[in-house]
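Asker: Input coords26.csv, format and content: CSV, C-alpha atoms and all ligand atoms.
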```csv
chain,number,residue,atom,x,y,z
B,274,MET,CA,153.8,234.5,193.1
B,275,LYS,CA,155.1,231.5,195.0
B,276,PRO,CA,158.8,231.4,195.7
B,277,LEU,CA,161.0,229.2,193.4
B,278,LEU,CA,161.9,225.8,194.8
B,279,GLN,CA,165.4,225.6,196.1
B,280,ALA,CA,167.9,223.4,194.3
B,281,VAL,CA,170.7,221.6,196.2
B,282,PRO,CA,174.0,223.5,195.9
B,283,GLU,CA,175.9,222.1,192.9
B,284,ALA,CA,179.2,221.5,194.7
B,285,ALA,CA,177.5,219.1,197.1
B,286,VAL,CA,176.8,216.4,194.5
B,287,GLU,CA,178.7,214.5,191.8
B,288,LEU,CA,177.0,215.5,188.6
B,289,PRO,CA,176.7,213.1,185.6
B,290,TYR,CA,178.9,214.7,182.9
B,291,TYR,CA,176.7,216.8,180.6
B,292,VAL,CA,177.8,219.4,178.0
B,293,PRO,CA,174.8,221.8,177.3
B,294,ALA,CA,173.8,222.7,173.8
B,295,GLY,CA,172.1,225.9,174.8
B,296,ASN,CA,169.9,227.1,177.6
B,297,GLU,CA,168.3,223.7,178.4
B,298,CYS,CA,169.7,223.5,181.9
B,299,SER,CA,168.2,226.8,183.0
B,300,LEU,CA,164.9,226.0,181.2
B,301,PHE,CA,164.7,222.7,183.0
B,302,GLU,CA,165.4,224.3,186.4
B,303,LEU,CA,162.8,227.0,185.7
B,304,ALA,CA,160.1,224.4,184.6
B,305,TRP,CA,160.8,222.4,187.7
B,306,SER,CA,160.6,225.4,190.0
B,307,LYS,CA,157.3,226.4,188.4
B,308,ARG,CA,156.0,222.8,188.6
B,309,LEU,CA,155.7,222.4,184.9
B,310,PRO,CA,156.1,219.0,183.1
B,311,LEU,CA,158.8,218.8,180.4
B,312,LEU,CA,158.9,217.1,177.0
B,313,LEU,CA,162.2,216.4,175.3
B,314,LYS,CA,162.2,215.8,171.5
B,315,GLY,CA,165.2,214.5,169.6
B,316,PRO,CA,166.9,211.7,167.8
B,317,THR,CA,168.1,208.6,169.6
B,318,GLY,CA,171.4,208.8,171.4
B,319,CYS,CA,171.7,212.6,171.4
B,320,GLY,CA,171.9,213.1,175.2
B,321,LYS,CA,168.3,213.4,176.5
B,322,THR,CA,168.7,210.7,179.2
B,323,ARG,CA,172.1,212.0,180.3
B,324,PHE,CA,170.6,215.5,180.5
B,325,VAL,CA,167.8,214.3,182.8
B,326,ALA,CA,170.3,212.4,185.0
B,327,HIS,CA,172.5,215.5,185.2
B,328,MET,CA,169.6,217.8,186.1
B,329,ALA,CA,168.2,215.3,188.7
B,330,ALA,CA,171.6,215.2,190.4
B,331,LYS,CA,171.9,219.0,190.2
B,332,LEU,CA,168.6,219.5,191.8
B,333,GLY,CA,169.2,216.7,194.4
B,334,LEU,CA,166.1,214.8,193.3
B,335,PRO,CA,165.6,211.0,193.1
B,336,LEU,CA,165.1,209.9,189.5
B,337,HIS,CA,162.9,207.1,188.2
B,338,THR,CA,163.4,206.3,184.6
B,339,VAL,CA,161.1,204.1,182.5
B,340,SER,CA,161.8,203.0,178.9
B,341,CYS,CA,158.3,202.8,177.4
B,342,HIS,CA,157.3,200.0,175.1
B,343,ASP,CA,154.1,199.0,173.4
B,344,ASP,CA,153.1,196.6,176.2
B,345,LEU,CA,153.6,199.3,178.9
B,346,THR,CA,150.3,199.9,180.7
B,347,ALA,CA,149.2,202.4,183.3
B,348,ALA,CA,149.5,199.8,186.0
B,349,ASP,CA,153.2,199.3,185.1
B,350,LEU,CA,153.7,203.0,186.1
B,351,THR,CA,151.3,203.3,189.0
B,352,GLY,CA,151.7,199.9,190.7
B,353,ARG,CA,149.8,196.7,191.3
B,354,TYR,CA,148.8,194.2,194.0
B,355,LEU,CA,151.3,191.3,194.2
B,356,LEU,CA,151.0,188.0,195.9
B,357,LYS,CA,153.5,187.7,198.8
B,358,GLY,CA,153.4,184.7,201.2
B,359,GLY,CA,149.7,184.2,200.7
B,360,ASP,CA,148.9,187.9,201.1
B,361,THR,CA,148.2,190.5,198.5
B,362,VAL,CA,150.4,193.6,199.0
B,363,TRP,CA,150.4,196.8,197.0
B,364,ALA,CA,153.6,197.6,195.2
B,365,ASP,CA,154.1,201.2,193.9
B,366,GLY,CA,155.2,201.6,190.3
B,367,PRO,CA,158.0,204.0,189.4
B,368,LEU,CA,155.6,206.9,188.7
B,369,THR,CA,153.9,206.5,192.1
B,370,ARG,CA,157.2,206.3,193.8
B,371,ALA,CA,158.4,209.5,192.2
B,372,VAL,CA,155.2,211.3,193.2
B,373,ARG,CA,155.4,210.0,196.8
B,374,GLU,CA,159.1,211.0,197.1
B,375,GLY,CA,158.8,214.3,195.3
B,376,GLY,CA,161.3,213.2,192.7
B,377,ILE,CA,161.6,213.1,188.9
B,378,CYS,CA,159.9,210.5,186.7
B,379,TYR,CA,161.4,210.2,183.2
B,380,LEU,CA,159.3,208.3,180.6
B,381,ASP,CA,161.6,207.6,177.7
B,382,GLU,CA,159.9,207.1,174.3
B,383,ILE,CA,156.5,208.0,175.7
B,384,VAL,CA,154.8,207.5,172.3
B,385,GLU,CA,155.4,203.7,172.6
B,386,ALA,CA,153.3,203.4,175.7
B,387,ARG,CA,149.7,202.1,175.6
B,388,LYS,CA,146.8,204.6,175.4
B,389,ASP,CA,145.7,204.1,179.0
B,390,VAL,CA,149.0,205.7,180.2
B,391,THR,CA,147.8,209.1,179.0
B,392,VAL,CA,144.7,208.8,181.2
B,393,VAL,CA,147.1,208.6,184.2
B,394,LEU,CA,149.3,211.4,183.0
B,395,HIS,CA,146.7,214.0,182.3
B,396,PRO,CA,145.6,214.9,185.9
B,397,LEU,CA,149.3,214.9,186.8
B,398,THR,CA,150.3,217.3,184.1
B,399,ASP,CA,147.9,220.1,184.6
B,400,ASP,CA,147.4,222.4,187.5
B,401,ARG,CA,145.7,219.6,189.6
B,402,ARG,CA,149.0,217.6,189.8
B,403,ILE,CA,147.2,214.6,191.2
B,404,LEU,CA,147.7,210.9,190.7
B,405,PRO,CA,144.5,208.9,191.3
B,406,LEU,CA,145.2,205.3,192.3
B,407,ASP,CA,141.9,203.5,191.5
B,408,ARG,CA,143.1,200.2,192.9
B,409,THR,CA,144.0,201.5,196.4
B,410,GLY,CA,141.4,204.3,196.4
B,411,GLU,CA,144.1,206.9,197.0
B,412,GLU,CA,144.5,210.2,195.3
B,413,LEU,CA,148.1,211.5,195.6
B,414,GLN,CA,148.8,215.2,195.5
B,415,ALA,CA,152.2,215.6,193.9
B,416,PRO,CA,154.6,217.6,196.1
B,417,GLY,CA,156.2,220.7,194.7
B,418,SER,CA,159.5,219.0,193.9
B,419,PHE,CA,157.8,216.3,191.8
B,420,MET,CA,158.5,216.6,188.0
B,421,LEU,CA,157.4,214.6,185.1
B,422,VAL,CA,159.7,214.5,182.1
B,423,VAL,CA,158.9,212.6,178.9
B,424,SER,CA,160.8,212.2,175.7
B,425,TYR,CA,160.2,210.9,172.2
B,426,ASN,CA,161.9,210.8,168.8
B,427,PRO,CA,159.8,212.7,166.3
B,428,GLY,CA,161.6,210.7,163.5
B,429,TYR,CA,159.8,207.5,164.6
B,430,GLN,CA,156.4,209.0,164.8
B,431,THR,CA,153.6,207.4,162.7
B,432,LEU,CA,149.9,208.1,162.6
B,433,LEU,CA,149.4,205.2,165.0
B,434,LYS,CA,152.1,206.2,167.3
B,435,SER,CA,152.1,209.9,168.1
B,436,LEU,CA,151.2,212.2,171.0
B,437,LYS,CA,147.7,213.7,170.9
B,438,PRO,CA,147.6,217.5,171.0
B,439,SER,CA,145.7,217.3,174.3
B,440,THR,CA,148.8,215.5,175.8
B,441,ARG,CA,151.5,217.5,174.0
B,442,GLN,CA,150.0,220.7,175.1
B,443,ARG,CA,150.5,219.9,178.7
B,444,PHE,CA,154.3,220.1,178.5
B,445,VAL,CA,157.0,222.7,178.1
B,446,ALA,CA,159.0,221.3,175.2
B,447,ILE,CA,162.7,221.4,174.3
B,448,GLU,CA,164.1,220.2,171.0
B,449,PHE,CA,167.4,218.3,171.2
B,450,ASP,CA,169.8,217.6,168.4
B,451,PHE,CA,173.4,216.5,168.1
B,452,LEU,CA,175.9,219.0,169.8
B,453,PRO,CA,177.8,221.5,167.7
B,454,PHE,CA,180.9,219.9,166.1
B,455,ASP,CA,183.6,220.8,168.6
B,456,HIS,CA,181.4,220.1,171.6
B,457,GLU,CA,180.5,216.7,170.3
B,458,ILE,CA,184.2,215.9,169.8
B,459,ALA,CA,184.8,216.9,173.4
B,460,VAL,CA,182.0,214.6,174.6
B,461,VAL,CA,183.1,211.6,172.5
B,462,ALA,CA,186.8,212.1,173.6
B,463,SER,CA,185.9,212.4,177.2
B,464,GLU,CA,183.6,209.4,177.3
B,465,SER,CA,185.8,207.1,175.2
B,466,GLY,CA,189.3,208.1,176.2
B,467,LEU,CA,190.3,208.6,172.5
B,468,SER,CA,192.1,211.9,171.7
B,469,ALA,CA,190.1,214.8,170.2
B,470,GLN,CA,192.4,214.6,167.2
B,471,GLN,CA,191.5,211.0,166.6
B,472,VAL,CA,187.8,211.6,167.2
B,473,ARG,CA,187.6,214.5,164.6
B,474,PRO,CA,187.6,212.3,161.4
B,475,LEU,CA,185.1,209.9,163.0
B,476,LEU,CA,182.7,212.8,163.7
B,477,GLN,CA,183.3,214.0,160.1
B,478,LEU,CA,182.2,210.6,158.9
B,479,ALA,CA,179.2,210.7,161.3
B,480,CYS,CA,178.1,214.1,159.9
B,481,ARG,CA,178.2,212.7,156.3
B,482,LEU,CA,176.2,209.6,157.4
B,483,ARG,CA,173.7,211.9,159.2
B,484,ALA,CA,173.2,213.8,156.0
B,485,LEU,CA,171.8,210.5,154.5
B,486,LYS,CA,169.0,210.3,157.0
B,487,GLY,CA,165.6,210.2,155.2
B,488,GLN,CA,167.2,209.0,152.0
B,489,ASP,CA,168.9,205.7,152.5
B,490,LEU,CA,168.9,205.7,156.3
B,491,GLU,CA,166.1,205.9,158.8
B,492,GLU,CA,168.4,207.4,161.4
B,493,GLY,CA,171.9,208.8,161.4
B,494,VAL,CA,174.8,207.9,163.6
B,495,SER,CA,174.1,208.8,167.2
B,496,THR,CA,176.6,210.3,169.7
B,497,ARG,CA,176.2,207.0,171.5
B,498,LEU,CA,177.4,205.0,168.5
B,499,LEU,CA,180.3,207.4,168.0
B,500,ILE,CA,181.3,206.8,171.6
B,501,TYR,CA,181.1,203.0,171.0
B,502,CYS,CA,183.3,203.4,167.9
B,503,ALA,CA,185.9,205.6,169.7
B,504,SER,CA,185.9,203.3,172.7
B,505,LEU,CA,186.7,200.3,170.5
B,506,ILE,CA,189.5,202.2,168.7
B,507,ALA,CA,190.9,203.3,172.1
B,508,ALA,CA,190.9,199.6,173.1
B,509,GLY,CA,193.0,198.7,170.1
B,510,VAL,CA,190.4,197.7,167.5
B,511,PRO,CA,191.5,198.8,164.0
B,512,ALA,CA,189.5,201.9,162.9
B,513,GLU,CA,188.0,200.2,159.8
B,514,GLU,CA,186.6,197.3,161.9
B,515,ALA,CA,185.4,199.6,164.6
B,516,VAL,CA,183.6,201.9,162.1
B,517,LEU,CA,181.9,198.9,160.4
B,518,ALA,CA,180.7,197.5,163.7
B,519,THR,CA,179.4,200.7,165.2
B,520,MET,CA,178.7,203.2,162.5
B,521,ILE,CA,177.5,201.0,159.6
B,522,GLU,CA,176.1,197.6,160.7
B,523,PRO,CA,173.7,199.1,163.3
B,524,LEU,CA,172.3,201.5,160.7
B,525,THR,CA,171.2,199.2,157.9
B,526,ASP,CA,170.6,195.6,156.8
B,527,ASP,CA,170.4,196.5,153.1
B,528,LEU,CA,173.5,195.2,151.4
B,529,ASP,CA,173.6,197.9,148.7
B,530,VAL,CA,173.2,200.7,151.3
B,531,LYS,CA,175.8,199.0,153.5
B,532,GLN,CA,178.3,199.0,150.6
B,533,ALA,CA,177.6,202.6,149.8
B,534,LEU,CA,178.2,203.5,153.5
B,535,ILE,CA,181.5,201.6,153.5
B,536,GLU,CA,182.6,203.7,150.4
B,537,VAL,CA,181.7,206.9,152.2
B,538,ALA,CA,183.7,205.7,155.3
B,539,ARG,CA,186.7,204.8,153.2
B,540,ALA,CA,186.6,208.2,151.3
B,541,THR,CA,186.2,210.1,154.6
B,542,LEU,CA,188.8,208.3,156.6
B,543,ALA,CA,191.4,207.9,153.9
P,1,LIG,N1,175.5,216.7,175.8
P,1,LIG,C1,176.1,215.6,176.2
P,1,LIG,N2,176.9,215.7,177.3
P,1,LIG,C2,177.6,214.6,177.7
P,1,LIG,N3,177.4,213.3,177.2
P,1,LIG,C3,176.6,213.2,176.1
P,1,LIG,C4,175.9,214.4,175.6
P,1,LIG,N4,175.1,214.0,174.6
P,1,LIG,C5,175.3,212.7,174.4
P,1,LIG,N5,176.2,212.2,175.4
P,1,LIG,C6,176.7,210.8,175.5
P,1,LIG,O1,175.9,210.0,174.6
P,1,LIG,C7,175.3,208.9,175.2
P,1,LIG,C8,174.0,208.7,174.7
P,1,LIG,O2,173.1,209.7,175.2
P,1,LIG,P1,171.7,209.4,175.9
P,1,LIG,O3,171.6,208.0,176.4
P,1,LIG,O4,171.4,210.5,176.8
P,1,LIG,O5,170.8,209.5,174.6
P,1,LIG,P2,169.2,209.7,174.5
P,1,LIG,O6,168.9,210.9,173.7
P,1,LIG,O7,168.5,209.5,175.8
P,1,LIG,O8,168.8,208.4,173.6
P,1,LIG,P3,167.5,207.5,173.5
P,1,LIG,O9,166.4,208.3,173.0
P,1,LIG,O10,167.9,206.4,172.6
P,1,LIG,O11,167.2,207.0,174.9
P,1,LIG,C9,175.4,209.2,176.7
P,1,LIG,O12,175.5,208.1,177.5
P,1,LIG,C10,176.6,210.1,176.8
P,1,LIG,O13,177.8,209.3,176.9
```
Go ahead and express the file in the form of structure tokens.
Ligand SMILES: Nc1ncnc2c1ncn2[C@@H]1O[C@H](COP(=O)(O)OP(=O)(O)OP(=O)(O)O)[C@@H](O)[C@H]1O

Answerer:
Amino acid sequence: MKPLLQAVPEAAVELPYYVPAGNECSLFELAWSKRLPLLLKGPTGCGKTRFVAHMAAKLGLPLHTVSCHDDLTAADLTGRYLLKGGDTVWADGPLTRAVREGGICYLDEIVEARKDVTVVLHPLTDDRRILPLDRTGEELQAPGSFMLVVSYNPGYQTLLKSLKPSTRQRFVAIEFDFLPFDHEIAVVASESGLSAQQVRPLLQLACRLRALKGQDLEEGVSTRLLIYCASLIAAGVPAEEAVLATMIEPLTDDLDVKQALIEVARATLA
């Protein structure tokens, strides 16, 4: 068996703040050392991007992050010829750069990308680990330290937008969810500067709103929105206004649902 790749010693780098929910850090490190690609599933704003940034810093690897959208093509990832002063010059895309540098490429919301993207990812995510660049005629062999990480939110999946089994089954997968109550309080307090005591009722409200997911709401309150709310309150905005602007308005446009959420907020924060 090949030896494990060596991570940069942790003390040598400033790590983005990340509170683990379970064994995801060791699983990431093991997947990286075994040259396996990783799929992160979970709701929006629950810490997937922060986790990847934390692990990239921990392993001392450059990170290239791409937020996928429905116009994203394979060429956006691999690169294209550009006109420069009358000449055409090749410009690597973020995936190609990550392969050449032996870094991490993180494709956020991969299900949004166009279908031709999977054609590029398949030879890179099996034991060949190659990236063919048809336009330049190159075939890049990914170095041992290269890792592909993708994420998606299963809640947004539709028949039209989902990962094919032949793609999914190329990845080690980790499911993410919101942190356990006390851990999430610690994260929100640390990121916003509001005291843990003041964050507690906000998180209690978030939990009640999350329970409405699938009934009146497409998605519950994310950790990200909670941090926004706590940051506004820490900056002096009255709690009721902050809650409305960050934990209610972003969730719905339906006036009846909004009114119901306001009632839930009043009852919880009273
Ligand atoms: N476990 C955690 N440790 C530290 N911070 C966290 C954690 N989880 C969430 N956060 C905070 O929540 C914010 C939102 O998380 P992040 O951007 O990583 O979400 P995401 O899951 O990548 O969302 P999206 O799918 O919308 O991109 C982060 O900027 C960070 O402040």

Asker: Could you give me the residues within 9 Å of ligand LIG 1 (chain P), counting only C-alpha atoms and all ligand atoms, as JSON, numbers by chain?

Answerer: {"B": [289, 290, 291, 292, 293, 294, 313, 314, 315, 316, 317, 318, 319, 320, 321, 322, 323, 324, 325, 326, 340, 381, 382, 424, 425, 426, 449, 450, 451, 452, 456, 457, 459, 460, 461, 463, 464, 465, 495, 496, 497, 498, 499, 500]}

Asker: Give me the residues within 10 Å of B:Ala503 as number ranges by chain, counting all atoms listed in the file and dropping any in the same chain fewer than 4 places off.

Answerer: B: 461-462, 464-468, 471-472, 475-476, 497-499, 507-510, 512, 515-516, 519

Asker: With all atoms listed in the file as the atoms that count, which of B:Thr409, B:Gln442, B:Gln414, B:Gln477 lies nearest to B:Leu397?

Answerer: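 The answer is B:Gln414, which sits nearest to B:Leu397.
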
Asker: Which one of B:Arg373, B:Arg401, B:Lys486, B:Arg481 sits closest to B:Thr351 if you count only C-alpha atoms?

Answerer: B:Arg373

Asker: With all atoms listed in the file as the counted atoms, please give the residues lying no more than 10 Å from B:Thr440, apart from itself and same-chain residues fewer than 5 positions off, as an mmCIF file with C-alpha atoms, in the coordinates of the input.

Answerer:
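Here's the written file part_14.cif:
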```cif
data_model
loop_
_atom_site.group_PDB
_atom_site.id
_atom_site.type_symbol
_atom_site.label_atom_id
_atom_site.label_comp_id
_atom_site.auth_asym_id
_atom_site.auth_seq_id
_atom_site.Cartn_x
_atom_site.Cartn_y
_atom_site.Cartn_z
ATOM 1 C CA THR B 391 147.800 209.100 179.000
ATOM 2 C CA VAL B 392 144.700 208.800 181.200
ATOM 3 C CA LEU B 394 149.300 211.400 183.000
ATOM 4 C CA HIS B 395 146.700 214.000 182.300
ATOM 5 C CA THR B 398 150.300 217.300 184.100
ATOM 6 C CA ASP B 399 147.900 220.100 184.600
#
```

Asker: Kindly indicate which residue among B:Glu412, B:Thr361, B:Phe301, B:Asp344 lies nearest to B:Ile377, using only C-alpha atoms for the distances.

Answerer: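 For B:Ile377, the nearest of the given residues is B:Phe301.
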
Asker: Any idea what the distance is between atom CA of B:Arg539 and atom CA of B:Val494?

Answerer: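 Atom CA of B:Arg539 sits 16.1 Å away from atom CA of B:Val494.
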
Asker: In Å to one decimal, how far is atom CA of B:Leu380 from atom CA of B:Ala484?

Answerer: 28.8 Å

Asker: Within 12 Å of B:Arg387, counting all atoms listed in the file, which residues qualify if same-chain residues fewer than 3 places away don't, as an MDAnalysis selection string?

Answerer: chainID B and resid 341:350 382:384 390:394 433:436

Asker: Figure out the distance between atom CA of B:Val339 and atom CA of B:Ala386, please, to one decimal in Å.

Answerer: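 Taking atom CA of B:Ala386 and atom CA of B:Val339, their separation equals 10.4 Å.
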
Asker: May I ask which of the residues B:Arg408, B:Arg402, B:Lys437, B:Arg483 is the closest one to B:Arg308, counting all atoms listed in the file?

Answerer: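 Residue with the minimum atom-to-atom distance to B:Arg308: B:Arg402.
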
Asker: Closest to B:Ala415 among B:Leu490, B:Ala469, B:Ile458, B:Leu368, using all atoms listed in the file?

Answerer: B:Leu368

Asker: Would you please work out which residue, of B:Leu404, B:Ala479, B:Ala446, B:Val372, is nearest to B:Phe419 when using all atoms listed in the file?

Answerer: B:Val372

Asker: How big is the axis-aligned box, and where does its centre sit, when it encloses all atoms of stretch 287-306 of chain B listed in the file and has 3 Å added on every side, reported in Å to one decimal as AutoDock Vina command-line options?

Answerer:
```
--center_x 169.5 --center_y 220.1 --center_z 182.8 --size_x 24.8 --size_y 20.0 --size_z 24.0
```

Asker: For stretch 352-360 of chain B, find every residue with an atom within 8 Å (counting all atoms listed in the file), except residues of its own chain fewer than 6 positions away, and show them as a list in words.

Answerer: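 Surrounding residues, per the criterion: Gly366, Pro367, Thr369 and Arg408 of chain B.
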